[in-house]
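Enquirer: Below is one structure. I have some questions about it.
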Amino acid sequence: MAKTLPAPEQEPLALLADVNAALVETQNIRAGLQRALQILAQRRRVLQASVVLKTPDSSRLQVAASEGLSLEGQRATWAVGEGVTGQVVQAGRPVIIPQISQEPTFLHRTGRRRRNGRSDTSFMCVPIPDGRESMGAFNVDLAFEKNRDYQRDLRLFQVIATMFAQAIRLRQLVEAERQRLLDENAHLKEELKERYDFSHIIGTSGPMRQVFEQITRVASTNTTVLIRGESGTGKELIAHAIHYTSTRARKPFVKVSCGALPDSLIESELFGYERGAFTGAQARKKGRFELAHGGTLFLDEIGDINPSTQVKLLRVLQEKEFERLGGVEPIQTDVRLVAATNSDLEKAIAANTFRDDLYYRLNVFTIFVPPLRERKTDILLLADHFLEKYATEHGRSVKRISTPAIDMLMAYHWPGNVRELQNIIERAVLICDASVVHGHHLPPTLQTGEASGTVATQSLSEAVAAYEKDLIQDALKTARGNRVKAAQLLDSTQRIISYKVRKYGIDPRRFRS
């Protein structure tokens, strides 16, 4: 049975649908334009066609896609305003030339047209709109026909030019957004690398220098690292420093807090699952091992994982492969594992809650992060760092910590380590209404030197005396032990300050250095 041709009024609609499909179904805009021009050549008996676009600096026009052009024609360029094509782009109005041979201003920039027998060539140039301007032009060559309805063809080509404009603009927006995300990603990676570079970890004490040396030695390798230390000592910061100082710095850093995940979820989080692996698994999900491929996987609180997950984790470390939950195909993994724990793994092994073979796999290179009480010389450095950080963050004008407050910080035993110090300094910045943090801005645990959270009973005169002593010591510190200057700072006299110094047993000489 013969195929029925579309009705005349339906043919343009079918053509436009096919052109639209060509533009949206291809990822590359030039390929989409090329396919659209091929459809026009087949369906509208177009001799040749081209899409001409402005260069990125908008100084010239060049062929972006073409059908029927020679190699020389495909390399053609125009200045904006040059020739028919350049004038159409500049003016934003279409041009119809029924017979090219009768048009002396026609440049033949894409190649001289050949006359087929006695027939001439008709040329139509339609601007490709871009707001109030034109981003380029759509050129079409047709066989000259005396009775051709040029206005009808012009309307069709104008619609197609508009479709070209929308497709080009959409791809430009997508590409701009993609580039923005790439730039932002690169910027964030560099920011993270700078933020977590171990040179930014604060500490000059002997134990911390040893930690820095260990980081330097192990970072450039692929060795599994076990970071041990009390809660709040900065184990995650050490893990970040290892990753961002390693050759994997541009690859993902993926963290899993094992203690925060219930036993029923830890396995699916680490290894992922297939669709239908369990109730609610409606789609495949990648696990953390897959997400960290090529980079570093940080398993925090690894001492809290259950025995069944320990077995699978041991296999990954040994075989470098795993299966998703509900899956049967092994997945190869290239991951550098960094684990951390504040647990006593040796006791856990003795209690049969942690596998000894997994322990030996993890315990290849161990870094012990010292508690804050063992690095007292770092307390002032850390306190000043947190003071500056939170003063900036909260918009406060707090500049320094008074000497008595420093003495209180140094006397405290810091069961919560650096995290506790960080929280205490932030609290002090928030409640401080002057430029100096004093002892009364610190929590009761530090004011009493006790960890009970209670404050010893104190009379009014004792409280006033303690506050007065605090102010005098702070003034002497500012004046570098000079009693005259300290008196001026406190709007008092040297005689009164000297009396108070003797009364409270303050030694001004300690403030001179």
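In the structure tokens, each chain is lettered A, B, ... as it comes, each chain's residues begin at 1, and ligands are numbered from 1 in order of appearance.
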Based on DSSP run over this structure's backbone, return all residues of stretch 219-391 of chain A in strand (DSSP E), as a PDB file with N, CA and C atoms, in the first residue's frame.
Expert:
```
ATOM      1  N   VAL A 225      46.032   3.814  57.744  1.00  0.00           N
ATOM      2  CA  VAL A 225      46.436   4.564  58.939  1.00  0.00           C
ATOM      3  C   VAL A 225      45.371   4.419  60.013  1.00  0.00           C
ATOM      4  N   LEU A 226      45.814   4.145  61.228  1.00  0.00           N
ATOM      5  CA  LEU A 226      44.916   4.094  62.380  1.00  0.00           C
ATOM      6  C   LEU A 226      45.266   5.248  63.308  1.00  0.00           C
ATOM      7  N   ILE A 227      44.297   6.143  63.519  1.00  0.00           N
ATOM      8  CA  ILE A 227      44.503   7.308  64.377  1.00  0.00           C
ATOM      9  C   ILE A 227      43.825   7.037  65.719  1.00  0.00           C
ATOM     10  N   ARG A 228      44.604   7.113  66.778  1.00  0.00           N
ATOM     11  CA  ARG A 228      44.072   6.818  68.109  1.00  0.00           C
ATOM     12  C   ARG A 228      44.224   8.043  69.005  1.00  0.00           C
ATOM     13  N   PHE A 253      37.231  12.694  49.557  1.00  0.00           N
ATOM     14  CA  PHE A 253      37.449  12.337  50.963  1.00  0.00           C
ATOM     15  C   PHE A 253      36.073  12.057  51.545  1.00  0.00           C
ATOM     16  N   VAL A 254      35.825  10.809  51.889  1.00  0.00           N
ATOM     17  CA  VAL A 254      34.490  10.394  52.353  1.00  0.00           C
ATOM     18  C   VAL A 254      34.595   9.939  53.801  1.00  0.00           C
ATOM     19  N   LYS A 255      33.758  10.516  54.651  1.00  0.00           N
ATOM     20  CA  LYS A 255      33.778  10.186  56.075  1.00  0.00           C
ATOM     21  C   LYS A 255      32.561   9.346  56.450  1.00  0.00           C
ATOM     22  N   VAL A 256      32.785   8.348  57.286  1.00  0.00           N
ATOM     23  CA  VAL A 256      31.689   7.551  57.849  1.00  0.00           C
ATOM     24  C   VAL A 256      31.859   7.548  59.361  1.00  0.00           C
ATOM     25  N   SER A 257      30.843   8.044  60.068  1.00  0.00           N
ATOM     26  CA  SER A 257      30.864   7.992  61.526  1.00  0.00           C
ATOM     27  C   SER A 257      30.200   6.694  61.955  1.00  0.00           C
ATOM     28  N   GLY A 272      26.795  -0.228  49.963  1.00  0.00           N
ATOM     29  CA  GLY A 272      25.701   0.018  49.034  1.00  0.00           C
ATOM     30  C   GLY A 272      24.767  -1.176  48.930  1.00  0.00           C
ATOM     31  N   TYR A 273      23.760  -1.043  48.072  1.00  0.00           N
ATOM     32  CA  TYR A 273      22.809  -2.151  47.908  1.00  0.00           C
ATOM     33  C   TYR A 273      22.185  -2.103  46.526  1.00  0.00           C
ATOM     34  N   LYS A 285      21.904   1.794  45.148  1.00  0.00           N
ATOM     35  CA  LYS A 285      22.599   2.880  45.828  1.00  0.00           C
ATOM     36  C   LYS A 285      24.063   2.520  46.013  1.00  0.00           C
ATOM     37  N   LYS A 286      24.924   3.454  45.671  1.00  0.00           N
ATOM     38  CA  LYS A 286      26.356   3.246  45.865  1.00  0.00           C
ATOM     39  C   LYS A 286      26.714   3.428  47.336  1.00  0.00           C
ATOM     40  N   THR A 296      40.117   8.802  49.627  1.00  0.00           N
ATOM     41  CA  THR A 296      40.335   8.332  50.997  1.00  0.00           C
ATOM     42  C   THR A 296      38.996   8.096  51.683  1.00  0.00           C
ATOM     43  N   LEU A 297      38.881   6.968  52.360  1.00  0.00           N
ATOM     44  CA  LEU A 297      37.698   6.666  53.170  1.00  0.00           C
ATOM     45  C   LEU A 297      38.107   6.753  54.633  1.00  0.00           C
ATOM     46  N   PHE A 298      37.437   7.629  55.368  1.00  0.00           N
ATOM     47  CA  PHE A 298      37.737   7.826  56.784  1.00  0.00           C
ATOM     48  C   PHE A 298      36.645   7.181  57.624  1.00  0.00           C
ATOM     49  N   LEU A 299      37.017   6.147  58.346  1.00  0.00           N
ATOM     50  CA  LEU A 299      36.074   5.446  59.220  1.00  0.00           C
ATOM     51  C   LEU A 299      36.316   5.900  60.655  1.00  0.00           C
ATOM     52  N   ASP A 300      35.461   6.807  61.122  1.00  0.00           N
ATOM     53  CA  ASP A 300      35.583   7.318  62.484  1.00  0.00           C
ATOM     54  C   ASP A 300      34.872   6.369  63.446  1.00  0.00           C
ATOM     55  N   GLU A 321      38.040  -5.785  47.065  1.00  0.00           N
ATOM     56  CA  GLU A 321      36.768  -5.901  46.360  1.00  0.00           C
ATOM     57  C   GLU A 321      35.663  -6.213  47.352  1.00  0.00           C
ATOM     58  N   PHE A 322      34.412  -5.979  46.925  1.00  0.00           N
ATOM     59  CA  PHE A 322      33.256  -6.234  47.784  1.00  0.00           C
ATOM     60  C   PHE A 322      32.028  -6.396  46.897  1.00  0.00           C
ATOM     61  N   ILE A 331      32.910  -5.885  43.127  1.00  0.00           N
ATOM     62  CA  ILE A 331      33.250  -4.529  42.690  1.00  0.00           C
ATOM     63  C   ILE A 331      34.657  -4.217  43.186  1.00  0.00           C
ATOM     64  N   GLN A 332      35.547  -3.883  42.255  1.00  0.00           N
ATOM     65  CA  GLN A 332      36.908  -3.535  42.617  1.00  0.00           C
ATOM     66  C   GLN A 332      36.935  -2.140  43.230  1.00  0.00           C
ATOM     67  N   ARG A 336      42.093   4.467  49.866  1.00  0.00           N
ATOM     68  CA  ARG A 336      43.053   4.534  50.977  1.00  0.00           C
ATOM     69  C   ARG A 336      42.238   4.660  52.267  1.00  0.00           C
ATOM     70  N   LEU A 337      42.417   3.719  53.189  1.00  0.00           N
ATOM     71  CA  LEU A 337      41.608   3.680  54.399  1.00  0.00           C
ATOM     72  C   LEU A 337      42.342   4.351  55.546  1.00  0.00           C
ATOM     73  N   VAL A 338      41.635   5.295  56.180  1.00  0.00           N
ATOM     74  CA  VAL A 338      42.117   5.925  57.406  1.00  0.00           C
ATOM     75  C   VAL A 338      41.031   5.699  58.455  1.00  0.00           C
ATOM     76  N   ALA A 339      41.396   5.072  59.559  1.00  0.00           N
ATOM     77  CA  ALA A 339      40.424   4.774  60.618  1.00  0.00           C
ATOM     78  C   ALA A 339      40.825   5.520  61.887  1.00  0.00           C
ATOM     79  N   ALA A 340      39.837   5.770  62.728  1.00  0.00           N
ATOM     80  CA  ALA A 340      40.099   6.462  63.995  1.00  0.00           C
ATOM     81  C   ALA A 340      39.248   5.849  65.087  1.00  0.00           C
ATOM     82  N   THR A 341      39.770   5.885  66.296  1.00  0.00           N
ATOM     83  CA  THR A 341      39.006   5.353  67.430  1.00  0.00           C
ATOM     84  C   THR A 341      39.505   5.973  68.728  1.00  0.00           C
ATOM     85  N   PHE A 365      50.026   1.533  60.415  1.00  0.00           N
ATOM     86  CA  PHE A 365      50.724   2.762  60.801  1.00  0.00           C
ATOM     87  C   PHE A 365      49.796   3.511  61.753  1.00  0.00           C
ATOM     88  N   THR A 366      50.189   3.573  63.010  1.00  0.00           N
ATOM     89  CA  THR A 366      49.332   4.176  64.036  1.00  0.00           C
ATOM     90  C   THR A 366      49.859   5.543  64.442  1.00  0.00           C
ATOM     91  N   ILE A 367      48.942   6.499  64.513  1.00  0.00           N
ATOM     92  CA  ILE A 367      49.273   7.837  64.997  1.00  0.00           C
ATOM     93  C   ILE A 367      48.501   8.070  66.291  1.00  0.00           C
ATOM     94  N   PHE A 368      49.200   8.344  67.358  1.00  0.00           N
ATOM     95  CA  PHE A 368      48.568   8.645  68.640  1.00  0.00           C
ATOM     96  C   PHE A 368      48.472  10.168  68.789  1.00  0.00           C
TER      97      PHE A 368
END
```
Enquirer: To one decimal in Å, tell me the separation between atom CA of A:Gln99 and atom CA of A:Val140.
Expert: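 These two atoms are separated by 12.8 Å.
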Enquirer: Using DSSP assignments from the backbone, pull out every residue in stretch 227-437 of chain A that falls under alpha helix (DSSP H) and give it to me as a PyMOL selection string.
Expert: chain A and resi 235-244+263-271+288-291+307-319+345-350+356-362+379-393+403-411+417-431
Enquirer: Residues of the last selection are to be written out with C-alpha atoms, as a PDB file, in the first residue's frame.
Expert:
```pdb
ATOM      1  CA  LYS A 235      41.549  12.887  64.957  1.00  0.00           C
ATOM      2  CA  GLU A 236      39.377  13.920  62.006  1.00  0.00           C
ATOM      3  CA  LEU A 237      41.616  16.930  61.408  1.00  0.00           C
ATOM      4  CA  ILE A 238      44.604  14.567  61.222  1.00  0.00           C
ATOM      5  CA  ALA A 239      42.722  12.356  58.728  1.00  0.00           C
ATOM      6  CA  HIS A 240      41.978  15.385  56.540  1.00  0.00           C
ATOM      7  CA  ALA A 241      45.617  16.452  56.713  1.00  0.00           C
ATOM      8  CA  ILE A 242      46.765  12.996  55.563  1.00  0.00           C
ATOM      9  CA  HIS A 243      44.347  13.053  52.611  1.00  0.00           C
ATOM     10  CA  TYR A 244      45.029  16.601  51.432  1.00  0.00           C
ATOM     11  CA  ASP A 263      23.986  -1.928  63.096  1.00  0.00           C
ATOM     12  CA  SER A 264      21.201  -2.437  60.556  1.00  0.00           C
ATOM     13  CA  LEU A 265      22.447   0.448  58.379  1.00  0.00           C
ATOM     14  CA  ILE A 266      26.236   0.426  58.664  1.00  0.00           C
ATOM     15  CA  GLU A 267      26.700  -2.363  56.101  1.00  0.00           C
ATOM     16  CA  SER A 268      24.457  -0.778  53.461  1.00  0.00           C
ATOM     17  CA  GLU A 269      26.134   2.587  54.005  1.00  0.00           C
ATOM     18  CA  LEU A 270      29.606   1.157  53.499  1.00  0.00           C
ATOM     19  CA  PHE A 271      28.945  -1.227  50.615  1.00  0.00           C
ATOM     20  CA  ARG A 288      30.842   4.856  50.700  1.00  0.00           C
ATOM     21  CA  PHE A 289      33.575   2.595  49.316  1.00  0.00           C
ATOM     22  CA  GLU A 290      32.360   3.294  45.775  1.00  0.00           C
ATOM     23  CA  LEU A 291      31.943   7.015  46.441  1.00  0.00           C
ATOM     24  CA  PRO A 307      31.172  -8.280  64.089  1.00  0.00           C
ATOM     25  CA  SER A 308      29.429  -9.102  60.770  1.00  0.00           C
ATOM     26  CA  THR A 309      30.512  -5.792  59.242  1.00  0.00           C
ATOM     27  CA  GLN A 310      34.021  -6.375  60.577  1.00  0.00           C
ATOM     28  CA  VAL A 311      34.217  -9.573  58.483  1.00  0.00           C
ATOM     29  CA  LYS A 312      33.246  -7.746  55.270  1.00  0.00           C
ATOM     30  CA  LEU A 313      35.575  -4.867  56.032  1.00  0.00           C
ATOM     31  CA  LEU A 314      38.441  -7.310  56.527  1.00  0.00           C
ATOM     32  CA  ARG A 315      37.731  -8.840  53.113  1.00  0.00           C
ATOM     33  CA  VAL A 316      37.797  -5.425  51.431  1.00  0.00           C
ATOM     34  CA  LEU A 317      41.168  -4.691  52.993  1.00  0.00           C
ATOM     35  CA  GLN A 318      42.545  -8.056  51.900  1.00  0.00           C
ATOM     36  CA  GLU A 319      40.967  -8.558  48.462  1.00  0.00           C
ATOM     37  CA  LEU A 345      40.921  -1.946  70.868  1.00  0.00           C
ATOM     38  CA  GLU A 346      43.166  -4.333  72.796  1.00  0.00           C
ATOM     39  CA  LYS A 347      40.508  -4.663  75.509  1.00  0.00           C
ATOM     40  CA  ALA A 348      37.841  -5.069  72.807  1.00  0.00           C
ATOM     41  CA  ILE A 349      39.850  -7.947  71.295  1.00  0.00           C
ATOM     42  CA  ALA A 350      40.146  -9.585  74.728  1.00  0.00           C
ATOM     43  CA  ASP A 356      42.115  -9.434  66.082  1.00  0.00           C
ATOM     44  CA  ASP A 357      42.781 -10.089  62.359  1.00  0.00           C
ATOM     45  CA  LEU A 358      41.009  -6.819  61.442  1.00  0.00           C
ATOM     46  CA  TYR A 359      43.008  -5.032  64.136  1.00  0.00           C
ATOM     47  CA  TYR A 360      46.270  -6.232  62.610  1.00  0.00           C
ATOM     48  CA  ARG A 361      45.103  -5.079  59.157  1.00  0.00           C
ATOM     49  CA  LEU A 362      44.276  -1.617  60.509  1.00  0.00           C
ATOM     50  CA  ILE A 379      46.774  25.806  75.067  1.00  0.00           C
ATOM     51  CA  LEU A 380      47.518  29.513  74.671  1.00  0.00           C
ATOM     52  CA  LEU A 381      48.126  29.143  70.912  1.00  0.00           C
ATOM     53  CA  LEU A 382      44.828  27.306  70.500  1.00  0.00           C
ATOM     54  CA  ALA A 383      42.941  29.738  72.728  1.00  0.00           C
ATOM     55  CA  ASP A 384      44.215  32.756  70.761  1.00  0.00           C
ATOM     56  CA  HIS A 385      43.300  31.034  67.481  1.00  0.00           C
ATOM     57  CA  PHE A 386      39.747  30.278  68.624  1.00  0.00           C
ATOM     58  CA  LEU A 387      39.411  33.777  70.087  1.00  0.00           C
ATOM     59  CA  GLU A 388      40.260  35.394  66.746  1.00  0.00           C
ATOM     60  CA  LYS A 389      38.077  32.928  64.832  1.00  0.00           C
ATOM     61  CA  TYR A 390      34.922  33.427  66.888  1.00  0.00           C
ATOM     62  CA  ALA A 391      35.389  37.158  67.359  1.00  0.00           C
ATOM     63  CA  THR A 392      35.382  37.478  63.575  1.00  0.00           C
ATOM     64  CA  GLU A 393      32.567  34.976  63.127  1.00  0.00           C
ATOM     65  CA  THR A 403      46.499  36.808  82.416  1.00  0.00           C
ATOM     66  CA  PRO A 404      44.336  35.369  85.246  1.00  0.00           C
ATOM     67  CA  ALA A 405      42.045  33.784  82.636  1.00  0.00           C
ATOM     68  CA  ILE A 406      45.109  32.275  80.921  1.00  0.00           C
ATOM     69  CA  ASP A 407      46.258  30.899  84.278  1.00  0.00           C
ATOM     70  CA  MET A 408      42.847  29.277  84.699  1.00  0.00           C
ATOM     71  CA  LEU A 409      43.056  27.725  81.231  1.00  0.00           C
ATOM     72  CA  MET A 410      46.523  26.387  81.976  1.00  0.00           C
ATOM     73  CA  ALA A 411      45.466  24.935  85.366  1.00  0.00           C
ATOM     74  CA  ASN A 417      40.415  18.174  75.038  1.00  0.00           C
ATOM     75  CA  VAL A 418      40.615  20.679  72.145  1.00  0.00           C
ATOM     76  CA  ARG A 419      36.877  20.487  71.430  1.00  0.00           C
ATOM     77  CA  GLU A 420      36.107  21.579  75.005  1.00  0.00           C
ATOM     78  CA  LEU A 421      38.603  24.456  74.750  1.00  0.00           C
ATOM     79  CA  GLN A 422      37.030  25.531  71.458  1.00  0.00           C
ATOM     80  CA  ASN A 423      33.538  25.575  72.966  1.00  0.00           C
ATOM     81  CA  ILE A 424      34.704  27.457  76.080  1.00  0.00           C
ATOM     82  CA  ILE A 425      36.403  30.196  74.057  1.00  0.00           C
ATOM     83  CA  GLU A 426      33.348  30.596  71.808  1.00  0.00           C
ATOM     84  CA  ARG A 427      31.151  30.948  74.892  1.00  0.00           C
ATOM     85  CA  ALA A 428      33.546  33.513  76.381  1.00  0.00           C
ATOM     86  CA  VAL A 429      33.504  35.575  73.175  1.00  0.00           C
ATOM     87  CA  LEU A 430      29.697  35.583  73.146  1.00  0.00           C
ATOM     88  CA  ILE A 431      29.272  36.762  76.757  1.00  0.00           C
TER      89      ILE A 431
END
```
Enquirer: Can you tell me, as an MDAnalysis selection string, what residues are no more than 7 Å from stretch 40-49 of chain A when counting only C-alpha atoms, ignoring any on the same chain fewer than 5 positions away?
Expert: chainID A and resid 66:69 139:143
Enquirer: Within 8 Å of A:Asn342, counting only C-alpha atoms, which residues show up once you throw out same-chain ones fewer than 3 positions away? Write them as JSON, numbers by chain, please.
Expert: {"A": [228, 229, 230, 231, 301, 303]}
Enquirer: Just write the chosen residues, N, CA and C atoms, as a PDB file, in the first residue's frame.
Expert:
```pdb
ATOM      1  N   ARG A 228      44.604   7.113  66.778  1.00  0.00           N
ATOM      2  CA  ARG A 228      44.072   6.818  68.109  1.00  0.00           C
ATOM      3  C   ARG A 228      44.224   8.043  69.005  1.00  0.00           C
ATOM      4  N   GLY A 229      43.260   8.219  69.876  1.00  0.00           N
ATOM      5  CA  GLY A 229      43.302   9.353  70.793  1.00  0.00           C
ATOM      6  C   GLY A 229      41.954   9.550  71.449  1.00  0.00           C
ATOM      7  N   GLU A 230      41.947  10.320  72.505  1.00  0.00           N
ATOM      8  CA  GLU A 230      40.712  10.585  73.232  1.00  0.00           C
ATOM      9  C   GLU A 230      39.753  11.409  72.382  1.00  0.00           C
ATOM     10  N   SER A 231      38.498  11.433  72.794  1.00  0.00           N
ATOM     11  CA  SER A 231      37.494  12.225  72.094  1.00  0.00           C
ATOM     12  C   SER A 231      37.843  13.703  72.197  1.00  0.00           C
ATOM     13  N   GLU A 301      35.411   6.250  64.652  1.00  0.00           N
ATOM     14  CA  GLU A 301      34.853   5.364  65.685  1.00  0.00           C
ATOM     15  C   GLU A 301      34.732   3.935  65.156  1.00  0.00           C
ATOM     16  N   GLY A 303      35.915   1.295  66.241  1.00  0.00           N
ATOM     17  CA  GLY A 303      35.750   0.297  67.294  1.00  0.00           C
ATOM     18  C   GLY A 303      34.303  -0.033  67.594  1.00  0.00           C
TER      19      GLY A 303
END
```
Enquirer: Calculated over only C-alpha atoms, which of the candidates A:His394, A:Asn482, A:Ile401, A:Ala487 has the smallest distance to A:Asp507?
Expert: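 When distances to A:Asp507 are compared using only C-alpha atoms, the smallest one comes from A:Asn482.
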Enquirer: Quick one: of A:Gln172, A:Thr55, A:Gln102, A:Gln210, who's nearest to A:Phe144, counting only C-alpha atoms?
Expert: A:Gln102
Enquirer: Can you tell me how far atom CA of A:Asp120 sits from atom CA of A:Leu13, in Å to one decimal?
Expert: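 A separation of 28.3 Å between them.
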Enquirer: So that I can see what lies close to A:Gly326, please list as a list in words the residues with an atom at most 10 Å from it, counting only C-alpha atoms and leaving out residues fewer than 3 positions away in the same chain.
Expert: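 Near neighbours after the sequence-gap exclusion: Ser268, Gly272, Tyr273, Glu274, Arg275, Gly276, Ala277, Phe278, Ala281, Arg284, Glu323 and Glu329 of chain A.
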Enquirer: Rounded to one decimal place, report the atom CA of A:Glu133-atom CA of A:Ile100 distance in Å.
Expert: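 Result for atom CA of A:Glu133 versus atom CA of A:Ile100: 26.5 Å, one decimal.
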